[in-house]
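Student: Here you go, this is coords.cif (mmCIF, C-alpha atoms).
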data_entry
loop_
_atom_site.label_atom_id
_atom_site.label_comp_id
_atom_site.auth_asym_id
_atom_site.auth_seq_id
_atom_site.Cartn_x
_atom_site.Cartn_y
_atom_site.Cartn_z
CA MET A 195 0.00 0.00 0.00
CA ILE A 196 2.74 2.39 0.96
CA THR A 197 4.76 1.34 -2.07
CA GLU A 198 1.86 2.08 -4.42
CA PHE A 199 1.31 5.45 -2.78
CA LEU A 200 4.95 6.37 -3.15
CA SER A 201 4.91 5.29 -6.79
CA LEU A 202 1.86 7.44 -7.54
CA LEU A 203 3.40 10.39 -5.70
CA CYS A 204 6.61 10.14 -7.69
CA LEU A 205 4.64 9.85 -10.93
CA GLY A 206 2.54 12.89 -10.06
CA LEU A 207 5.59 14.93 -9.17
CA SER A 208 7.37 13.99 -12.38
CA LEU A 209 4.32 14.83 -14.50
CA GLY A 210 3.89 18.13 -12.69
CA PHE A 211 7.55 18.91 -13.22
CA GLU A 212 7.24 18.17 -16.95
CA VAL A 213 4.09 20.35 -17.29
CA GLU A 214 5.77 23.17 -15.41
CA LYS A 215 8.83 22.81 -17.58
CA LYS A 216 6.73 22.96 -20.75
CA ASN A 217 4.89 26.04 -19.51
CA GLU A 218 8.19 27.71 -18.67
CA THR A 219 9.45 27.25 -22.24
CA LEU A 220 6.42 29.04 -23.72
CA THR A 221 7.58 32.57 -23.12
CA LYS A 222 5.57 35.63 -24.02
CA PRO A 223 5.39 36.36 -27.80
CA TYR A 224 5.72 39.77 -29.42
CA LEU A 225 2.94 41.36 -31.51
CA SER A 226 3.56 44.14 -34.03
CA ALA A 227 1.61 45.90 -36.80
CA LEU A 228 2.94 46.41 -40.32
CA PRO A 229 3.31 49.01 -41.65
CA SER A 230 1.76 50.86 -38.68
CA PRO A 231 -0.90 50.44 -35.97
CA LEU A 232 -2.53 53.62 -37.35
CA VAL A 233 -4.41 52.59 -40.52
CA GLU A 234 -6.68 54.53 -42.86
CA GLN A 235 -10.16 53.21 -43.46
CA GLY A 236 -10.32 50.71 -46.34
CA HIS A 237 -6.61 49.88 -46.13
CA ASN A 238 -4.89 46.70 -44.95
CA VAL A 239 -2.64 45.88 -42.03
CA THR A 240 -0.58 42.84 -41.07
CA LEU A 241 -0.37 41.79 -37.43
CA ARG A 242 2.81 39.75 -36.90
CA CYS A 243 3.14 37.45 -33.89
CA LEU A 244 6.71 36.41 -33.09
CA GLY A 245 7.25 33.47 -30.75
CA HIS A 246 10.23 31.59 -29.36
CA CYS A 247 9.51 28.11 -30.72
CA HIS A 248 9.03 26.66 -34.18
CA ASN A 249 6.31 24.30 -35.35
CA VAL A 250 3.65 25.98 -33.22
CA THR A 251 0.09 27.21 -33.58
CA PHE A 252 -0.39 30.97 -33.23
CA MET A 253 -3.60 32.62 -32.08
CA LEU A 254 -4.74 36.23 -32.57
CA GLY A 255 -7.39 37.59 -30.21
CA LYS A 256 -9.17 40.88 -29.47
CA LEU A 257 -9.98 42.19 -26.02
CA GLN A 258 -13.21 43.92 -27.05
CA ASP A 259 -14.56 40.72 -28.69
CA SER A 260 -14.16 37.45 -26.78
CA GLY A 261 -15.46 35.51 -29.79
CA TYR A 262 -12.81 36.93 -32.11
CA ARG A 263 -10.03 34.42 -32.70
CA GLN A 264 -7.77 33.55 -35.60
CA GLU A 265 -5.41 30.58 -35.50
CA GLN A 266 -2.54 29.85 -37.83
CA ARG A 267 -0.15 26.94 -37.97
CA SER A 268 3.49 27.89 -38.59
CA ALA A 269 6.63 25.86 -39.14
CA GLY A 270 8.76 28.87 -38.19
CA TYR A 271 8.89 31.24 -35.25
CA GLU A 272 6.26 33.70 -36.44
CA ALA A 273 2.86 34.06 -38.05
CA GLU A 274 1.27 36.93 -39.94
CA PHE A 275 -2.43 37.75 -39.75
CA LEU A 276 -3.63 39.95 -42.63
CA LEU A 277 -6.58 42.24 -41.87
CA THR A 278 -8.07 43.68 -45.08
CA HIS A 279 -10.42 46.58 -45.89
CA LEU A 280 -10.42 47.85 -42.34
CA GLU A 281 -13.41 49.69 -40.91
CA PRO A 282 -13.68 51.74 -37.70
CA LYS A 283 -15.26 48.70 -36.01
CA ASP A 284 -12.01 46.77 -36.60
CA ALA A 285 -10.12 49.12 -34.30
CA GLY A 286 -9.34 47.81 -30.85
CA THR A 287 -6.82 46.06 -28.63
CA TYR A 288 -5.24 42.90 -30.08
CA PHE A 289 -2.98 40.27 -28.56
CA CYS A 290 -1.47 36.94 -29.62
CA ALA A 291 -0.33 33.67 -28.06
CA TYR A 292 0.99 30.29 -29.24
CA LYS A 293 1.12 26.63 -28.25
CA THR A 294 3.28 23.70 -29.26
CA MET A 295 2.23 20.30 -30.54
CA ASP A 296 3.19 18.68 -27.24
CA SER A 297 1.21 21.12 -25.10
CA GLN A 298 -2.44 22.10 -25.35
CA GLU A 299 -1.88 25.14 -23.13
CA TRP A 300 -1.45 28.55 -24.72
CA SER A 301 1.54 30.64 -23.86
CA GLU A 302 1.31 33.88 -21.96
CA GLU A 303 -0.42 36.60 -23.97
CA SER A 304 1.72 39.17 -25.77
CA GLU A 305 1.73 42.84 -24.89
CA HIS A 306 -1.50 44.43 -26.07
CA LEU A 307 -1.45 46.28 -29.39
CA GLN A 308 -3.82 49.20 -29.94
CA LEU A 309 -5.01 49.29 -33.56
CA GLU A 310 -6.55 52.58 -34.74
CA VAL A 311 -8.55 53.04 -37.94
CA THR A 312 -8.91 56.63 -39.18
CA ASP A 313 -11.94 57.78 -41.16
CA ASP A 314 -11.00 59.40 -44.50
CA ARG A 315 -14.27 61.31 -44.56
CA ASN A 316 -13.23 63.22 -41.47
CA LYS A 317 -10.05 64.26 -43.26
CA ARG A 318 -11.92 65.42 -46.31
CA ARG A 319 -14.35 67.44 -44.20
CA ALA A 320 -11.95 70.04 -42.98
CA PRO A 321 -13.49 72.69 -40.70
CA PRO A 322 -14.52 75.93 -42.49
CA GLY A 323 -12.30 77.98 -40.21
CA GLY A 324 -9.25 76.05 -41.35
CA LYS A 325 -10.05 76.64 -45.02
CA VAL A 326 -10.57 80.37 -44.41
CA THR A 327 -7.31 80.61 -42.51
CA ARG A 328 -5.40 78.83 -45.26
CA SER A 329 -7.01 81.09 -47.88
CA ILE A 330 -6.03 84.22 -45.94
CA ILE A 331 -2.45 83.01 -45.54
CA ALA A 332 -2.22 82.16 -49.25
CA ALA A 333 -3.64 85.56 -50.27
CA THR A 334 -1.26 87.38 -47.91
CA CYS A 335 1.75 85.50 -49.28
CA SER A 336 0.66 86.28 -52.85
CA CYS A 337 0.27 90.00 -52.09
CA LEU A 338 3.67 90.13 -50.40
CA SER A 339 5.29 88.36 -53.35
CA ILE A 340 3.74 90.83 -55.83
CA LEU A 341 4.77 93.79 -53.65
CA LEU A 342 8.35 92.55 -53.45
CA LEU A 343 8.39 92.01 -57.20
CA PHE A 344 7.22 95.57 -57.91
CA LEU A 345 9.69 96.97 -55.38
CA SER A 346 12.54 95.07 -57.02
CA VAL A 347 11.54 96.31 -60.49
CA PHE A 348 11.27 99.89 -59.18
CA LEU A 349 14.71 99.78 -57.57
CA ILE A 350 16.30 98.25 -60.66
CA ASN A 351 14.63 100.86 -62.90
CA ARG A 352 15.73 103.69 -60.64
CA CYS A 353 19.33 102.47 -60.52
CA THR A 354 19.32 102.15 -64.31
CA GLN A 355 17.94 105.67 -64.75
CA HIS A 356 20.53 107.04 -62.33
CA ASP A 357 23.34 105.40 -64.30
CA LEU A 358 21.94 106.76 -67.58
CA SER A 359 21.59 110.26 -66.10
CA HIS A 360 25.16 110.13 -64.86
CA GLU A 361 26.40 109.04 -68.29
CA GLU A 362 24.40 111.79 -70.02
CA SER A 363 25.72 114.39 -67.56
CA THR A 364 29.27 113.23 -68.20
CA LYS A 365 28.71 113.36 -71.93
CA ARG A 366 27.23 116.85 -71.70
CA THR A 367 30.14 118.08 -69.58
CA SER A 368 32.62 116.62 -72.03
CA HIS A 369 30.72 118.09 -74.97
CA SER A 370 30.58 121.50 -73.30
CA LYS A 371 34.30 121.48 -72.58
CA LEU A 372 34.95 120.39 -76.15
CA SER A 373 32.77 123.21 -77.51
CA GLN A 374 34.54 125.77 -75.34
CA GLN A 375 37.88 124.45 -76.46
CA GLU A 376 36.81 124.63 -80.11
CA ALA A 377 35.51 128.18 -79.61
CA MET A 378 38.79 129.25 -78.03
CA ASP A 379 40.77 127.61 -80.81
CA SER A 380 38.58 129.32 -83.39
CA SER A 381 39.02 132.70 -81.70
CA ASP A 382 42.78 132.28 -81.60
CA LEU A 383 42.73 131.26 -85.22
CA GLU A 384 40.73 134.33 -86.19
CA ARG A 385 43.08 136.60 -84.30
CA THR A 386 46.01 135.02 -86.00
CA SER A 387 44.36 135.46 -89.39
CA VAL A 388 43.58 139.12 -88.75
CA SER A 389 47.09 139.80 -87.59
CA ALA A 390 48.44 138.17 -90.71
CA GLU A 391 46.21 140.21 -93.02
CA ARG A 392 47.27 143.64 -91.64
CA PRO A 393 50.10 145.29 -93.60
CA PRO A 394 53.19 146.27 -91.77
CA GLY A 395 52.98 149.68 -90.14
CA SER A 396 49.18 149.76 -90.14
CA GLU A 397 49.15 149.82 -86.38
CA LEU A 398 50.69 153.27 -86.49
CA CYS A 399 47.68 154.82 -88.27
#
Could you rewrite the structure in this file as structure tokens?
Tutor:
Amino acid sequence: MITEFLSLLCLGLSLGFEVEKKNETLTKPYLSALPSPLVEQGHNVTLRCLGHCHNVTFMLGKLQDSGYRQEQRSAGYEAEFLLTHLEPKDAGTYFCAYKTMDSQEWSEESEHLQLEVTDDRNKRRAPPGGKVTRSIIAATCSCLSILLLFLSVFLINRCTQHDLSHEESTKRTSHSKLSQQEAMDSSDLERTSVSAERPPGSELC
């Protein structure tokens, strides 16, 4: 009787040790969203569950819906769950777990992943105030650009006119000096001619 009891006790302890050992090997998996946990309505997202064992069955669950469950058999260390044509109702908190062929117990759940689905219609319906503000900013920038353009043209035109006026003034000064010089030369020439035409001794009369 005592021998049978000891045998059963040893068997129970060994089985418990094996179960505990199996549960210890099933560490917590990691859940991620590709390309991002923020998804536009109508688009797709892939939820990837990465475990620590191969040849396992992965499970994807949702906190807000206890009946939501997807399972996928994988020969590797990960499984990908593709969610297509997302709607706002698909948003929520997701998690994943896995189990091996030898164990019927699921591993510890992964860290929770918050999936958000944005509504495109909300983006298209921008508030009127925002449109008015953007219009005012655009109009102000346009007016400033036109004003700067006119100011630049005015300054360039004025500098050009100033240069032309300076050149004309220089030309006039040069022309005036040349005319004076020609007049003086002409006067000297006339005096010389008159002196040459007078006969000797005419100054005495």
Student: If you count all atoms listed in the file, which residues fall within 8 Å of A:Val311, apart from same-chain ones fewer than 4 positions away, as an MDAnalysis selection string?
Tutor: chainID A and resid 232:235 280:282 284:285
Student: Please identify all polymer residues within 9 Å of A:Leu228, counting all atoms listed in the file, omitting same-chain residues fewer than 5 positions from it, and present them as a list in words.
Tutor: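 Near A:Leu228, the qualifying residues are Val239, Thr240, Leu241 and Arg242 of chain A.
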Student: Rounded to one decimal place, report the atom CA of A:Gly270-atom CA of A:Met253 distance in Å.
Tutor: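 We find that atom CA of A:Gly270 and atom CA of A:Met253 lie 14.3 Å from each other.
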Student: Just give me the gap between atom CA of A:Lys283 and atom CA of A:Glu305 in Å, one decimal is fine.
Tutor: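 Atom-to-atom, atom CA of A:Lys283 and atom CA of A:Glu305 are spaced 21.1 Å apart.
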Student: Given the file shown, determine the residues that the PyMOL selection byres ((chain A and resi 288) around 7) selects; report them as a list in words.
Tutor: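 For this structure, the PyMOL selection byres ((chain A and resi 288) around 7) captures Gly255, Lys256, Leu257, Gly286, Thr287, Phe289, His306, Leu307 and Gln308 of chain A.
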